[in-house]
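Pasting final_38.cif here (mmCIF, C-alpha atoms):
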```cif
data_entry
loop_
_atom_site.label_atom_id
_atom_site.label_comp_id
_atom_site.auth_asym_id
_atom_site.auth_seq_id
_atom_site.Cartn_x
_atom_site.Cartn_y
_atom_site.Cartn_z
CA MET A 1 176.69 22.66 100.94
CA SER A 2 173.66 21.42 102.82
CA LEU A 3 170.13 22.38 103.66
CA THR A 4 170.27 23.44 107.27
CA VAL A 5 167.73 24.56 109.80
CA PRO A 6 167.92 28.35 109.96
CA VAL A 7 169.11 29.89 113.20
CA GLY A 8 170.08 26.70 114.96
CA SER A 9 172.36 28.26 117.57
CA ASP A 10 173.33 31.43 119.43
CA HIS A 11 176.28 31.68 117.09
CA GLN A 12 174.09 31.73 113.97
CA LEU A 13 171.69 34.20 115.57
CA ALA A 14 174.57 36.49 116.49
CA ARG A 15 175.90 36.29 112.92
CA LEU A 16 172.50 37.26 111.51
CA LEU A 17 172.16 40.14 113.96
CA GLN A 18 175.68 41.27 112.99
CA THR A 19 174.53 41.18 109.37
CA GLY A 20 171.54 43.33 110.32
CA ILE A 21 173.85 45.80 112.04
CA VAL A 22 176.00 46.06 108.90
CA LEU A 23 172.89 46.57 106.77
CA GLU A 24 171.80 49.40 109.07
CA GLU A 25 175.29 50.86 108.89
CA VAL A 26 175.17 50.76 105.10
CA VAL A 27 171.77 52.49 105.14
CA GLU A 28 172.96 55.07 107.66
CA ALA A 29 176.11 55.87 105.71
CA ARG A 30 174.38 56.12 102.32
CA ALA A 31 171.40 58.15 103.55
CA ALA A 32 173.63 60.52 105.50
CA ARG A 33 175.90 61.03 102.53
CA HIS A 34 172.98 61.61 100.15
CA ALA A 35 171.42 64.12 102.56
CA ARG A 36 174.72 65.93 102.89
CA GLU A 37 176.02 65.95 99.35
CA ILE A 38 173.43 65.56 96.61
CA PRO A 39 172.68 69.05 95.28
CA GLY A 40 169.20 70.38 94.66
CA LEU A 41 167.26 68.10 96.98
CA GLU A 42 163.97 69.46 98.33
CA GLU A 43 164.02 70.14 102.05
CA ASP A 44 161.47 67.39 102.84
CA VAL A 45 163.62 64.81 101.03
CA ARG A 46 166.74 65.96 102.83
CA GLU A 47 164.88 65.76 106.15
CA MET A 48 163.61 62.27 105.33
CA LEU A 49 167.15 61.07 104.56
CA ALA A 50 168.56 62.60 107.74
CA ALA A 51 165.75 61.00 109.77
CA ALA A 52 166.37 57.64 108.03
CA ALA A 53 170.07 57.82 108.95
CA GLU A 54 169.16 58.56 112.57
CA GLU A 55 166.64 55.73 112.63
CA SER A 56 169.22 53.28 111.28
CA ALA A 57 171.65 54.34 114.00
CA GLU A 58 168.94 53.66 116.58
CA HIS A 59 168.17 50.23 115.07
CA ARG A 60 171.85 49.46 115.13
CA ARG A 61 172.09 50.27 118.82
CA ARG A 62 169.11 48.00 119.59
CA LEU A 63 170.67 45.14 117.62
CA GLU A 64 174.03 45.74 119.31
CA GLU A 65 172.39 45.26 122.71
CA LEU A 66 171.13 41.85 121.60
CA VAL A 67 174.50 40.89 120.12
CA ASP A 68 176.23 41.90 123.37
CA GLU A 69 174.00 39.51 125.28
CA LEU A 70 175.05 36.72 122.92
CA ASP A 71 178.66 37.48 123.73
CA ALA A 72 179.58 38.31 120.13
CA GLU A 73 181.34 41.32 118.66
CA THR A 74 180.03 43.92 116.24
CA ILE A 75 181.72 45.74 113.39
CA PRO A 76 182.34 49.42 114.22
CA PHE A 77 180.32 51.86 112.13
CA GLU A 78 183.48 53.65 111.01
CA GLU A 79 184.69 50.51 109.25
CA ILE A 80 181.47 50.08 107.29
CA GLU A 81 181.34 53.80 106.53
CA THR A 82 184.79 53.48 104.97
CA LEU A 83 183.66 50.53 102.83
CA VAL A 84 180.54 52.42 101.71
CA GLU A 85 182.66 55.45 100.82
CA ALA A 86 185.09 53.29 98.83
CA GLN A 87 182.36 51.93 96.53
CA TYR A 88 180.06 54.95 96.55
CA GLU A 89 179.03 56.34 93.19
CA ALA A 90 178.39 60.01 93.56
CA ASP A 91 176.54 60.63 90.31
CA GLU A 92 173.11 59.86 91.68
CA ASP A 93 170.34 62.26 90.79
CA PHE A 94 167.16 63.10 92.65
CA ASP A 95 165.20 60.00 91.52
CA GLY A 96 168.26 57.84 92.13
CA VAL A 97 168.45 59.04 95.73
CA LEU A 98 164.82 58.21 96.44
CA TYR A 99 165.08 54.88 94.67
CA ASP A 100 168.20 54.02 96.64
CA GLN A 101 166.43 54.89 99.89
CA LEU A 102 163.42 52.80 98.88
CA CYS A 103 165.76 49.84 98.28
CA ASN A 104 167.33 50.47 101.70
CA GLU A 105 163.99 50.36 103.49
CA GLU A 106 162.60 47.43 101.49
CA THR A 107 165.77 45.42 101.94
CA ALA A 108 165.82 46.01 105.67
CA TYR A 109 162.14 45.08 105.91
CA LYS A 110 162.75 41.83 104.00
CA PHE A 111 165.76 41.00 106.15
CA TYR A 112 163.88 41.39 109.44
CA ASP A 113 160.85 39.57 108.04
CA ASP A 114 162.97 36.56 107.04
CA LEU A 115 164.89 36.66 110.33
CA ILE A 116 161.67 36.69 112.36
CA ASP A 117 160.39 33.69 110.34
CA ALA A 118 163.65 31.86 110.91
CA VAL A 119 163.64 32.54 114.66
CA GLU A 120 159.99 31.53 114.95
CA SER A 121 160.62 28.26 113.10
CA SER A 122 163.56 27.39 115.35
CA ASP A 123 163.03 25.65 118.66
CA VAL A 124 166.48 26.52 119.99
CA ARG A 125 166.69 28.20 123.38
CA PHE A 126 168.78 31.31 122.70
CA GLY A 127 171.00 33.24 125.07
CA VAL A 128 168.58 36.18 124.76
CA ASP A 129 164.97 36.04 125.76
CA ARG A 130 162.96 34.88 122.71
CA GLU A 131 160.04 37.23 123.33
CA ARG A 132 162.29 40.24 123.74
CA LEU A 133 164.23 39.27 120.60
CA LEU A 134 161.07 38.88 118.52
CA ASP A 135 159.55 42.08 119.93
CA ALA A 136 162.69 44.04 119.06
CA LEU A 137 162.85 42.61 115.53
CA ALA A 138 159.13 43.13 114.92
CA SER A 139 159.32 46.71 116.12
CA ILE A 140 162.27 47.45 113.80
CA ARG A 141 160.46 45.73 110.92
CA GLU A 142 157.43 47.94 111.54
CA GLU A 143 159.58 51.06 111.33
CA GLU A 144 161.09 49.81 108.06
CA ALA A 145 157.57 49.35 106.68
CA GLU A 146 156.75 52.94 107.65
CA GLY A 147 159.96 54.01 105.93
CA VAL A 148 158.87 52.29 102.70
CA GLU A 149 155.55 54.13 102.89
CA GLU A 150 157.20 57.48 103.46
CA VAL A 151 159.62 57.15 100.56
CA THR A 152 156.82 55.90 98.29
CA ARG A 153 154.74 58.93 99.26
CA LEU A 154 157.59 61.28 98.39
CA MET A 155 158.08 59.49 95.06
CA GLU A 156 154.40 59.85 94.24
CA THR A 157 154.11 63.54 94.99
CA GLY A 158 155.17 64.54 91.51
CA ARG A 159 158.93 64.35 91.75
CA MET B 1 167.48 31.89 99.43
CA ASN B 2 164.69 29.33 99.46
CA THR B 3 165.11 25.57 99.25
CA ALA B 4 164.30 25.45 95.52
CA ASP B 5 167.09 27.93 94.79
CA GLN B 6 169.53 25.87 96.85
CA TYR B 7 168.63 22.83 94.75
CA LEU B 8 168.98 24.80 91.50
CA LYS B 9 172.43 25.96 92.58
CA ALA B 10 173.48 22.41 93.47
CA ILE B 11 172.22 20.98 90.15
CA TYR B 12 174.00 23.77 88.28
CA LEU B 13 177.29 23.03 90.04
CA VAL B 14 177.02 19.25 89.56
CA GLN B 15 176.16 19.74 85.87
CA ASP B 16 179.14 22.02 85.52
CA ARG B 17 181.41 19.46 87.15
CA GLU B 18 180.02 16.51 85.15
CA ASP B 19 179.64 18.49 81.94
CA GLY B 20 176.25 16.85 81.48
CA PRO B 21 173.10 15.97 83.39
CA ALA B 22 173.38 15.73 87.18
CA SER B 23 172.54 12.45 88.87
CA THR B 24 170.00 12.68 91.67
CA GLY B 25 172.52 10.97 93.96
CA ALA B 26 175.17 13.63 93.32
CA VAL B 27 172.68 16.44 93.95
CA ALA B 28 171.51 14.76 97.16
CA GLU B 29 175.09 14.29 98.29
CA MET B 30 175.98 17.93 97.65
CA LEU B 31 173.00 19.08 99.71
CA ASP B 32 173.40 16.37 102.34
CA VAL B 33 169.79 15.20 101.90
CA SER B 34 168.31 11.79 101.09
CA PRO B 35 167.91 10.79 97.42
CA ALA B 36 164.16 10.57 98.05
CA SER B 37 164.04 14.23 99.18
CA ALA B 38 166.12 15.24 96.17
CA ASN B 39 163.80 13.33 93.83
CA GLU B 40 160.77 15.03 95.30
CA MET B 41 162.22 18.53 94.90
CA ILE B 42 163.51 17.79 91.38
CA GLY B 43 159.93 16.81 90.49
CA LYS B 44 158.72 20.17 91.76
CA LEU B 45 161.39 21.99 89.76
CA GLU B 46 160.25 20.06 86.66
CA ASP B 47 156.65 21.14 87.31
CA GLN B 48 157.82 24.74 87.43
CA GLY B 49 159.68 24.42 84.13
CA LEU B 50 163.06 24.94 85.79
CA ALA B 51 164.53 21.46 85.25
CA GLU B 52 164.12 18.39 83.04
CA HIS B 53 164.67 14.88 84.32
CA GLU B 54 165.53 11.97 82.06
CA LYS B 55 165.41 8.52 83.59
CA TYR B 56 168.88 6.90 83.83
CA GLU B 57 170.54 10.15 82.71
CA GLY B 58 169.83 12.67 85.40
CA VAL B 59 168.53 16.19 85.73
CA SER B 60 169.35 19.21 83.56
CA LEU B 61 168.33 22.79 84.14
CA THR B 62 166.23 24.66 81.59
CA ASP B 63 167.26 28.17 80.55
CA ASP B 64 165.01 29.62 83.27
CA GLY B 65 166.52 27.19 85.77
CA ILE B 66 170.04 28.19 84.77
CA ARG B 67 169.21 31.88 85.24
CA ARG B 68 167.87 31.28 88.74
CA ALA B 69 170.74 28.98 89.63
CA ARG B 70 173.30 31.59 88.56
CA ASP B 71 171.51 34.26 90.62
CA ALA B 72 171.52 31.91 93.62
CA LEU B 73 175.20 31.15 93.14
CA GLN B 74 175.96 34.87 92.88
CA ASN B 75 174.11 35.48 96.16
CA TYR B 76 176.12 32.71 97.75
CA CYS B 77 179.36 34.30 96.53
CA ILE B 78 178.26 37.65 97.99
CA ILE B 79 177.54 36.01 101.36
CA GLU B 80 180.91 34.24 101.36
CA ARG B 81 182.77 37.43 100.49
CA PHE B 82 180.78 39.44 103.02
CA LEU B 83 181.61 36.97 105.78
CA LEU B 84 185.29 36.88 104.91
CA GLU B 85 185.95 40.49 103.87
CA VAL B 86 183.66 42.39 106.26
CA LEU B 87 183.00 40.16 109.27
CA GLU B 88 186.38 38.40 108.95
CA VAL B 89 184.86 34.99 109.63
CA GLU B 90 187.42 32.22 109.35
CA GLU B 91 184.92 29.45 108.69
CA PHE B 92 183.13 31.51 106.07
CA ARG B 93 182.18 28.54 103.86
CA ALA B 94 180.35 26.67 106.60
CA GLU B 95 178.68 29.85 107.83
CA ALA B 96 177.64 30.91 104.31
CA ARG B 97 175.88 27.58 103.91
CA GLN B 98 174.02 28.22 107.16
CA LEU B 99 173.09 31.78 106.27
CA GLU B 100 172.09 31.38 102.64
CA SER B 101 168.57 30.24 103.47
CA VAL B 102 167.92 33.41 105.49
CA ILE B 103 169.65 36.03 103.32
CA ASP B 104 167.71 36.63 100.15
CA GLU B 105 168.77 38.38 96.96
CA THR B 106 167.61 41.88 97.93
CA VAL B 107 169.68 41.72 101.10
CA ALA B 108 172.64 40.24 99.22
CA GLU B 109 172.46 43.13 96.73
CA ARG B 110 172.91 45.64 99.57
CA LEU B 111 175.77 43.68 101.06
CA ASP B 112 177.26 43.66 97.56
CA THR B 113 177.74 47.45 97.84
CA ILE B 114 180.53 47.01 100.40
CA ILE B 115 182.46 44.03 99.04
CA ASP B 116 184.84 43.53 96.14
CA ARG B 117 183.33 41.15 93.62
CA GLU B 118 184.68 40.40 90.16
CA PRO B 119 182.55 41.21 87.10
CA GLN B 120 182.70 37.62 85.86
CA CYS B 121 180.91 36.36 89.00
CA PRO B 122 179.59 33.62 89.25
CA ASP B 123 181.66 32.01 86.48
CA CYS B 124 184.73 32.15 88.70
CA PHE B 125 183.13 29.94 91.37
CA ASP B 126 185.16 26.81 92.10
CA ALA B 127 182.64 24.14 93.14
CA GLY B 128 185.35 21.76 94.36
CA GLU B 129 186.71 24.35 96.78
CA ASP B 130 183.24 25.77 97.48
CA VAL B 131 184.52 29.30 97.01
CA CYS B 132 185.19 31.90 94.31
CA ALA B 133 188.50 30.99 92.70
CA LEU B 134 189.44 34.69 92.68
CA LEU B 135 188.81 35.28 96.38
CA GLU B 136 192.01 35.70 98.33
CA VAL B 137 191.58 33.46 101.33
CA PRO B 138 194.01 34.11 104.20
CA ALA B 139 195.73 30.91 105.34
CA ALA B 140 194.05 31.09 108.75
CA ALA B 141 190.63 31.24 107.10
CA ASP B 142 191.24 28.35 104.76
CA ASP B 143 188.79 25.99 106.42
#
```
Using C-alpha cells, write down the structure that the file contains.
Amino acid sequence: MSLTVPVGSDHQLARLLQTGIVLEEVVEARAARHAREIPGLEEDVREMLAAAAEESAEHRRRLEELVDELDAETIPFEEIETLVEAQYEADEDFDGVLYDQLCNEETAYKFYDDLIDAVESSDVRFGVDRERLLDALASIREEEAEGVEEVTRLMETGR
Amino acid sequence: MNTADQYLKAIYLVQDREDGPASTGAVAEMLDVSPASANEMIGKLEDQGLAEHEKYEGVSLTDDGIRRARDALQNYCIIERFLLEVLEVEEFRAEARQLESVIDETVAERLDTIIDREPQCPDCFDAGEDVCALLEVPAAADD
C-alpha cells in the first residue's frame, strides 16, 4: 500500500480508461434493460433511458479508440452485460429506475472529473495526444452533466 | 479515494494488526511515506476529529474515523475484486493501490454491481496478504 502519483504511465491510463469503458457498459446494460422491461414507464422516461443507453455505447466507442492507441485490450460489452444480468434485481419501480439512472450519470460524471484531474496533475507523456485525451474526456463529462440535468428534470416533473 | 482516506485505512489496518494504537512509523511504512509526512497527516485527521494521537502510544481512530476507514477499505476491496474478476489483472494488488486514489466511492459502488463480494466485507480483509481472505486468487495472479 502506498500513496502514488495518479496516472503515472500509459499502463495506468489504459487501466482507468478500461474502467471507464466498463462503467459505460454497466450504464448501457442497465438503462437498456430498464427501458425494455420495467412496466408502466411513461414514454418520455423510456425514451430517456434508450437515449442514455445509446449515449453510453457512443462514449464506450470513443474510449475504446483511446485504449487502442495505448495498445491495451478492452472487455467486450457482452461479458459485462452478462455480469450485469447476473446481479440485476428486477423489482425496481418507477422511482427506482430514475434514481438508478441518476446514479449512473452522476457516477460517470465523477469518474471523468477525477480522471481529468489526475491526467492534468500528471506530467507523464502518454502514448495518446494529451490535448485530444483531455478534450475527449471533457466532452464526455459534459454529456454526463447534461444527463444528470435531464434525469433531475424528469424526477421533478411530479413523478 | 483521497489521501486522508488512504491514511485512515492504513491506521485501521495497523490498529487491527497490533490490537491497539498504531505507531506513526508503522503507518508511514504501510503507505511508503516519510514519518514526517505521516505525522503531518495524522495531525490533520486529529483536527477533523477522525483520530486521536497519544505521545509514545500511537494513533487510534475515533468512531467517525473507523467508519470512514471501513468505507475506504471496502472501496479498496471492490477495486481489487473488479481488477481480478472483471479485468483479469494478474497484479491486481499493485494496480489497486495505484487506482484507489482515482476511483472514489460512487464509482466503486457501480463497479460493485458486477462483482461478487461477501456480505461481511470488509471484515474479511487480510492486511498481511493485502487482499480479501475470501477472494479466490488464481495461482497465476498470486503476485
query: So, counting all atoms listed in the file, which residue among A:Arg36, A:Arg62, A:Arg141, A:Lys110 is closest to chain B?
result: A:Lys110
message: Evaluate the PyMOL selection byres ((chain A) within 10 of (chain B)) against this structure - the residues, as a ChimeraX atom specification, please.
response: /A:1-8,11-13,15-16,18-20,22-23,26-27,73-75,79-88,103-104,106-118
field: Residue nearest A:Val128 - candidates A:Ala31, A:Leu49, A:Ala57, A:Leu63, atoms counted: only C-alpha atoms
entry: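 Going through A:Ala31, A:Leu49, A:Ala57, A:Leu63 one by one, the smallest distance to A:Val128 is for A:Leu63.
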query: Could you pull the residues within 7 Å of stretch 47-61 of chain B, counting all atoms listed in the file, minus those fewer than 3 positions along the same chain, as a VMD selection string?
result: chain B and resid 21 to 24 43 to 44 64 to 66
Selection to disk with C-alpha atoms, as a compact mmCIF listing (two decimals), keeping the file's coordinate frame:
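This is the output file part12.txt:
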```
# COMPACT_ATOMS: atom_id res chain seq x y z
CA PRO B 21 173.10 15.97 83.39
CA ALA B 22 173.38 15.73 87.18
CA SER B 23 172.54 12.45 88.87
CA THR B 24 170.00 12.68 91.67
CA GLY B 43 159.93 16.81 90.49
CA LYS B 44 158.72 20.17 91.76
CA ASP B 64 165.01 29.62 83.27
CA GLY B 65 166.52 27.19 85.77
CA ILE B 66 170.04 28.19 84.77
```
- prompt: So which residues touch A:Leu66 within 9 Å, counting all atoms listed in the file, skipping near sequence neighbours fewer than 6 positions away, as a list of chain:residue names?
  reply: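 My reading of the contact set: A:Ala14, A:Leu17, A:Val128, A:Leu133.
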Take the residues from that selection and write them out as a PDB file, in the coordinates of the input, keeping C-alpha atoms.
```pdb
ATOM      1  CA  ALA A  14     174.570  36.490 116.490  1.00  0.00           C
ATOM      2  CA  LEU A  17     172.160  40.140 113.960  1.00  0.00           C
ATOM      3  CA  VAL A 128     168.580  36.180 124.760  1.00  0.00           C
ATOM      4  CA  LEU A 133     164.230  39.270 120.600  1.00  0.00           C
TER       5      LEU A 133
END
```
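Proximity to B:Asn39 was assessed for B:Cys77, B:Glu85, B:Arg70, B:Ile11 counting only C-alpha atoms; the smallest distance is recorded for B:Ile11.
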- request: Neighbourhood query: residues within 10 Å of (161.8, 57.9, 107.5), file coordinates, counting all atoms listed in the file; return as a PyMOL selection string.
  value: chain A and resi 45+47-56+101+105+143-151
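Here atom CA of A:Met155 is placed at a distance of 8.4 Å from atom CA of A:Tyr99.
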field: Atom pair atom CA of A:His34 / atom CA of A:Pro76: separation (Å)
entry: 20.8 Å
Atom pair atom CA of A:Glu78 / atom CA of A:Ile21: separation (Å): 12.5 Å
query: Which of these residues is nearest to B:Gln120, using all atoms listed in the file: B:Leu8, B:Leu134, B:Val14, B:Leu84?
result: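 The closest residue to B:Gln120 is B:Leu134.
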